[in-house]
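These notes concern the structure reproduced below.
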Amino acid sequence: MHILVTNDDGIGSPALLQLKAQLSQFGRVTIIAPDRNQSATSQALTLHRPLRIHALQEDVYSVDGTPTDCVLVAFHGKLVERPDLVVSGINHGPNMGEDVFYSGTVAAAIEGTLQGVPALAASLVTRQPTDFREPAEIVGRLLRQVLVRGLPPRMLLNVNFPFRSMADLAGVQFTRLGTRVYEDTLVRKVDPRGKEYYWIGGEDPVWRPEPGTDYHAVHAGFVSVTPMQLDLTDHAAIDAMESWSLGL
Ligand code: MN
């Protein structure tokens with residue numbers, strides 16, 4: 001069993017070594033992660049310049065690229081044996097609801113799924129400093145279940161941990177992606193030379209508190225595990241659209 005651990009927060013994240021420590025019980029763990037923070041890079045590929053890889057220590061590599069680049073290096077770089085499993089994270093901050101479309105953490109897990117192996121993305125819902133030890137241990141428990149039960153092809157797990165000690169967790173909930181209320185996502189300011197600039201950011205996201213969602217579960221103190229599928233097709237809409245007449 002060879003497990004690839006990657007992330008989008010960069011090779012300096014303490015979560016990587018915590019995962020390596022917790023997941024080594026299942027086999028060999030290789031860390032291949034971006035050399036700097038690549039949060040919100042989604043599934044971006046680096047196509048217009050070469051990728052440089054640095055071996056930092058045994059089974060630990062940094063790549064001057066995106067999380068998805070890292071997964072491709074692991075599967076096709078002739079650097080390490082082909083991974084049997086991809087674990088991405090643990091992200092320092094949530095990846096819930098529609099944010100999965102922006103997330104480099106989730107994208108790396110999606111890339112693992114595209115490469116044909118089970119994959120899991122994990123995120124800790126806090127911006128405060130933390131050592132990630134307890135969520136890494138729970139990732140290990142989840143992985144044990146994945147190894148016993150397997151995951152269907154084209155399906156991955158997106159896990160979000162509330163920021164509380166393991167003893168204080170309310171349990172685990174299997175959830176759907178929640179819905180975010182978008183506001184204040186772009187800030188307009190004026191620079192010291194009087195020129196306008198824009199900065200993507202603003203307030204922390206507001207969520208619709210719908211039961212059954214990842215946000216609702218985490219807010220109530222549960223670990224949220226969302227099974228995600230790659231097929232974004234709206235299958236019901238295909239039939240409904242048969243009546244569209246385009247004169248063709
Ligand atoms: Mn991140």
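Chain lettering (A, B, ...) mirrors the order of the structure tokens, residue numbering begins at 1 for each chain separately, and ligand numbering begins at 1 in order of display.
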
**Q.** Contacts to ligand 1 at 8 Å cut-off (only C-alpha atoms and all ligand atoms) as number ranges by chain
**A.** A: 7-10, 37-40, 89, 91-93, 103-105

Within 10 Å of region 164-174 of chain A: each region 84-130 of chain A residue with its shortest pair, only C-alpha atoms, as JSON lines:
{"residue": "A:Leu124", "atom": "CA", "partner": "A:Arg164", "partner_atom": "CA", "distance": 9.6}
{"residue": "A:Val125", "atom": "CA", "partner": "A:Arg164", "partner_atom": "CA", "distance": 9.4}
{"residue": "A:Thr126", "atom": "CA", "partner": "A:Arg164", "partner_atom": "CA", "distance": 9.5}

Next, dump the selected residues to file, keeping only N, CA and C atoms, as a compact mmCIF listing (two decimals), in the first residue's frame.
# COMPACT_ATOMS: atom_id res chain seq x y z
N LEU A 124 -9.74 21.34 8.25
CA LEU A 124 -10.04 21.69 9.63
C LEU A 124 -10.63 23.09 9.64
N VAL A 125 -11.82 23.21 10.24
CA VAL A 125 -12.57 24.46 10.14
C VAL A 125 -12.10 25.44 11.22
N THR A 126 -10.92 26.01 10.98
CA THR A 126 -10.40 27.08 11.83
C THR A 126 -9.29 27.80 11.09

Against region 228-242 of chain A, which residues of region 149-183 of chain A fall within 12 Å? For each one I want the closest pair of atoms and the distance in Å (one decimal), counting only C-alpha atoms, rows by chain and increasing residue number, as a Markdown table.
| residue | atom | partner | partner_atom | distance |
| --- | --- | --- | --- | --- |
| A:Leu151 | CA | A:Gln229 | CA | 10.7 |
| A:Pro152 | CA | A:Gln229 | CA | 9.3 |
| A:Pro153 | CA | A:Gln229 | CA | 8.8 |
| A:Arg154 | CA | A:Leu230 | CA | 5.6 |
| A:Met155 | CA | A:Gln229 | CA | 4.5 |
| A:Leu156 | CA | A:Met228 | CA | 5.3 |
| A:Leu157 | CA | A:Met228 | CA | 6.0 |
| A:Asn158 | CA | A:Met228 | CA | 6.9 |
| A:Val159 | CA | A:Met228 | CA | 10.3 |
| A:Phe174 | CA | A:Met228 | CA | 11.0 |
| A:Thr175 | CA | A:Met228 | CA | 9.8 |
| A:Arg176 | CA | A:Met228 | CA | 8.2 |
| A:Leu177 | CA | A:Met228 | CA | 8.5 |

Pull the closest atom pair for each residue of region 71-172 of chain A that gets at most 10 Å from region 41-60 of chain A, along with the distance in Å to one decimal, counting only C-alpha atoms, ordering rows by chain and then ascending residue number, as CSV.
residue,atom,partner,partner_atom,distance
A:Leu72,CA,A:Leu45,CA,9.3
A:Val73,CA,A:Ile53,CA,8.9
A:Gly77,CA,A:Ile53,CA,10.0
A:Leu79,CA,A:Ile53,CA,9.7
A:Val80,CA,A:Asp59,CA,8.4
A:Asp99,CA,A:Ser42,CA,9.6
A:Val100,CA,A:Ser42,CA,8.1
A:Phe101,CA,A:Ser42,CA,6.5
A:Tyr102,CA,A:Ser42,CA,4.7
A:Ser103,CA,A:Ser42,CA,4.8
A:Gly104,CA,A:Ser42,CA,4.2
A:Thr105,CA,A:Ser42,CA,7.7
A:Val106,CA,A:Ser42,CA,7.6
A:Ala107,CA,A:Gln43,CA,5.0
A:Ala108,CA,A:Gln43,CA,7.1
A:Ala109,CA,A:Gln43,CA,9.8
A:Ile110,CA,A:Gln43,CA,8.3
A:Glu111,CA,A:Gln43,CA,7.8

Q: Run DSSP on the backbone of this structure and report the residues of region 186-246 of chain A it assigns to strand (DSSP E or B), as a list in words.
A: Leu186, Val187, Arg188, Lys189, Val190, Glu196, Tyr197, Tyr198, Trp199, Ile200, Val206, Trp207, Thr213, Phe222, Val223, Ser224, Val225, Thr226, Pro227, Met228 and Gln229 of chain A

With C-alpha atoms retained, export the selected residues as a tab-separated table (two decimals), in the first residue's frame.
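Contents of the output file selection-v6.tsv:
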chain	number	residue	atom	x	y	z
A	186	LEU	CA	-14.55	41.57	-3.67
A	187	VAL	CA	-13.12	44.59	-1.89
A	188	ARG	CA	-12.39	47.81	-3.81
A	189	LYS	CA	-9.73	50.13	-2.41
A	190	VAL	CA	-7.45	52.90	-3.53
A	196	GLU	CA	-8.05	51.69	-7.67
A	197	TYR	CA	-7.40	48.04	-6.94
A	198	TYR	CA	-9.54	45.05	-6.09
A	199	TRP	CA	-8.83	42.29	-3.61
A	200	ILE	CA	-10.84	39.07	-3.48
A	206	VAL	CA	-22.34	32.92	5.50
A	207	TRP	CA	-24.10	29.58	5.06
A	213	THR	CA	-25.35	19.72	5.00
A	222	PHE	CA	-19.83	16.74	14.10
A	223	VAL	CA	-17.13	15.58	11.74
A	224	SER	CA	-18.69	15.99	8.29
A	225	VAL	CA	-18.00	13.35	5.63
A	226	THR	CA	-19.44	14.19	2.21
A	227	PRO	CA	-19.31	11.58	-0.54
A	228	MET	CA	-18.74	13.49	-3.77
A	229	GLN	CA	-19.10	12.25	-7.32

Q: Could you pull out the residues in region 101-238 of chain A that DSSP calls helix (DSSP H, G or I) from the backbone, as a PyMOL selection string?
A: chain A and resi 101+104-114+133-149+166-168+214-219+235-238

Go ahead and write the residues just picked, C-alpha atoms, as a PDB file, in the first residue's frame.
ATOM      1  CA  PHE A 101     -15.048  24.343  -6.685  1.00  0.00           C
ATOM      2  CA  GLY A 104      -6.954  23.107  -4.246  1.00  0.00           C
ATOM      3  CA  THR A 105      -7.295  20.581  -1.432  1.00  0.00           C
ATOM      4  CA  VAL A 106     -10.421  19.023  -2.904  1.00  0.00           C
ATOM      5  CA  ALA A 107      -9.013  19.293  -6.440  1.00  0.00           C
ATOM      6  CA  ALA A 108      -5.993  17.167  -5.505  1.00  0.00           C
ATOM      7  CA  ALA A 109      -8.350  14.472  -4.208  1.00  0.00           C
ATOM      8  CA  ILE A 110     -10.420  14.764  -7.396  1.00  0.00           C
ATOM      9  CA  GLU A 111      -7.226  14.265  -9.403  1.00  0.00           C
ATOM     10  CA  GLY A 112      -6.551  11.103  -7.408  1.00  0.00           C
ATOM     11  CA  THR A 113     -10.041   9.888  -8.307  1.00  0.00           C
ATOM     12  CA  LEU A 114      -9.381  10.729 -11.963  1.00  0.00           C
ATOM     13  CA  ARG A 133      -2.781  15.758  15.345  1.00  0.00           C
ATOM     14  CA  GLU A 134      -6.307  14.721  16.303  1.00  0.00           C
ATOM     15  CA  PRO A 135      -7.919  15.296  12.904  1.00  0.00           C
ATOM     16  CA  ALA A 136      -5.030  13.334  11.371  1.00  0.00           C
ATOM     17  CA  GLU A 137      -5.855  10.445  13.682  1.00  0.00           C
ATOM     18  CA  ILE A 138      -9.505  10.549  12.554  1.00  0.00           C
ATOM     19  CA  VAL A 139      -8.377  10.575   8.912  1.00  0.00           C
ATOM     20  CA  GLY A 140      -6.613   7.314   9.790  1.00  0.00           C
ATOM     21  CA  ARG A 141      -9.866   5.844  11.114  1.00  0.00           C
ATOM     22  CA  LEU A 142     -11.705   6.899   7.964  1.00  0.00           C
ATOM     23  CA  LEU A 143      -9.001   5.452   5.785  1.00  0.00           C
ATOM     24  CA  ARG A 144      -9.289   2.135   7.582  1.00  0.00           C
ATOM     25  CA  GLN A 145     -12.965   2.075   6.561  1.00  0.00           C
ATOM     26  CA  VAL A 146     -12.088   3.041   2.989  1.00  0.00           C
ATOM     27  CA  LEU A 147      -9.555   0.210   2.815  1.00  0.00           C
ATOM     28  CA  VAL A 148     -12.055  -2.324   4.168  1.00  0.00           C
ATOM     29  CA  ARG A 149     -15.057  -1.183   2.138  1.00  0.00           C
ATOM     30  CA  MET A 166     -11.627  14.766  19.831  1.00  0.00           C
ATOM     31  CA  ALA A 167     -13.240  14.236  23.230  1.00  0.00           C
ATOM     32  CA  ASP A 168     -15.640  17.118  22.527  1.00  0.00           C
ATOM     33  CA  ASP A 214     -21.629  19.778   5.766  1.00  0.00           C
ATOM     34  CA  TYR A 215     -21.901  23.248   7.279  1.00  0.00           C
ATOM     35  CA  HIS A 216     -24.786  22.246   9.539  1.00  0.00           C
ATOM     36  CA  ALA A 217     -22.915  19.186  10.793  1.00  0.00           C
ATOM     37  CA  VAL A 218     -19.647  21.011  11.511  1.00  0.00           C
ATOM     38  CA  HIS A 219     -21.508  23.861  13.190  1.00  0.00           C
ATOM     39  CA  HIS A 235     -29.310  13.835 -15.790  1.00  0.00           C
ATOM     40  CA  ALA A 236     -32.963  14.820 -15.327  1.00  0.00           C
ATOM     41  CA  ALA A 237     -32.424  17.977 -17.373  1.00  0.00           C
ATOM     42  CA  ILE A 238     -31.303  16.031 -20.446  1.00  0.00           C
TER      43      ILE A 238
END

Q: Go through A:Pro118, A:Pro162, A:Pro129, A:Gly27 one by one, measure the shortest atom-to-atom distance of each to Ala15 (chain A) using only C-alpha atoms, and give the residue with the smallest value.
A: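 Under the stated criterion, the closest residue is A:Pro129.
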
Q. For Leu17 (chain A), which of A:Ser123, A:Thr30, A:Asn95, A:Ser62 is the closest residue, counting only C-alpha atoms?
A.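 The closest residue to Leu17 (chain A) is A:Thr30.
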
Q) By how many Å are CA of Arg208 (chain A) and CA of Gly178 (chain A) apart? A) 7.2 Å

Q.
So that I can see what lies close to Ile11 (chain A), please list as a PyMOL selection string the residues with an atom at most 8 Å from it, counting only C-alpha atoms and leaving out residues fewer than 6 positions away in the same chain.
A. chain A and resi 32-36+62

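Nearest to Arg127 (chain A) of all the residues A:Ala74, A:Met96, A:Asp204, A:Ser88 is A:Asp204, based on only C-alpha atoms.
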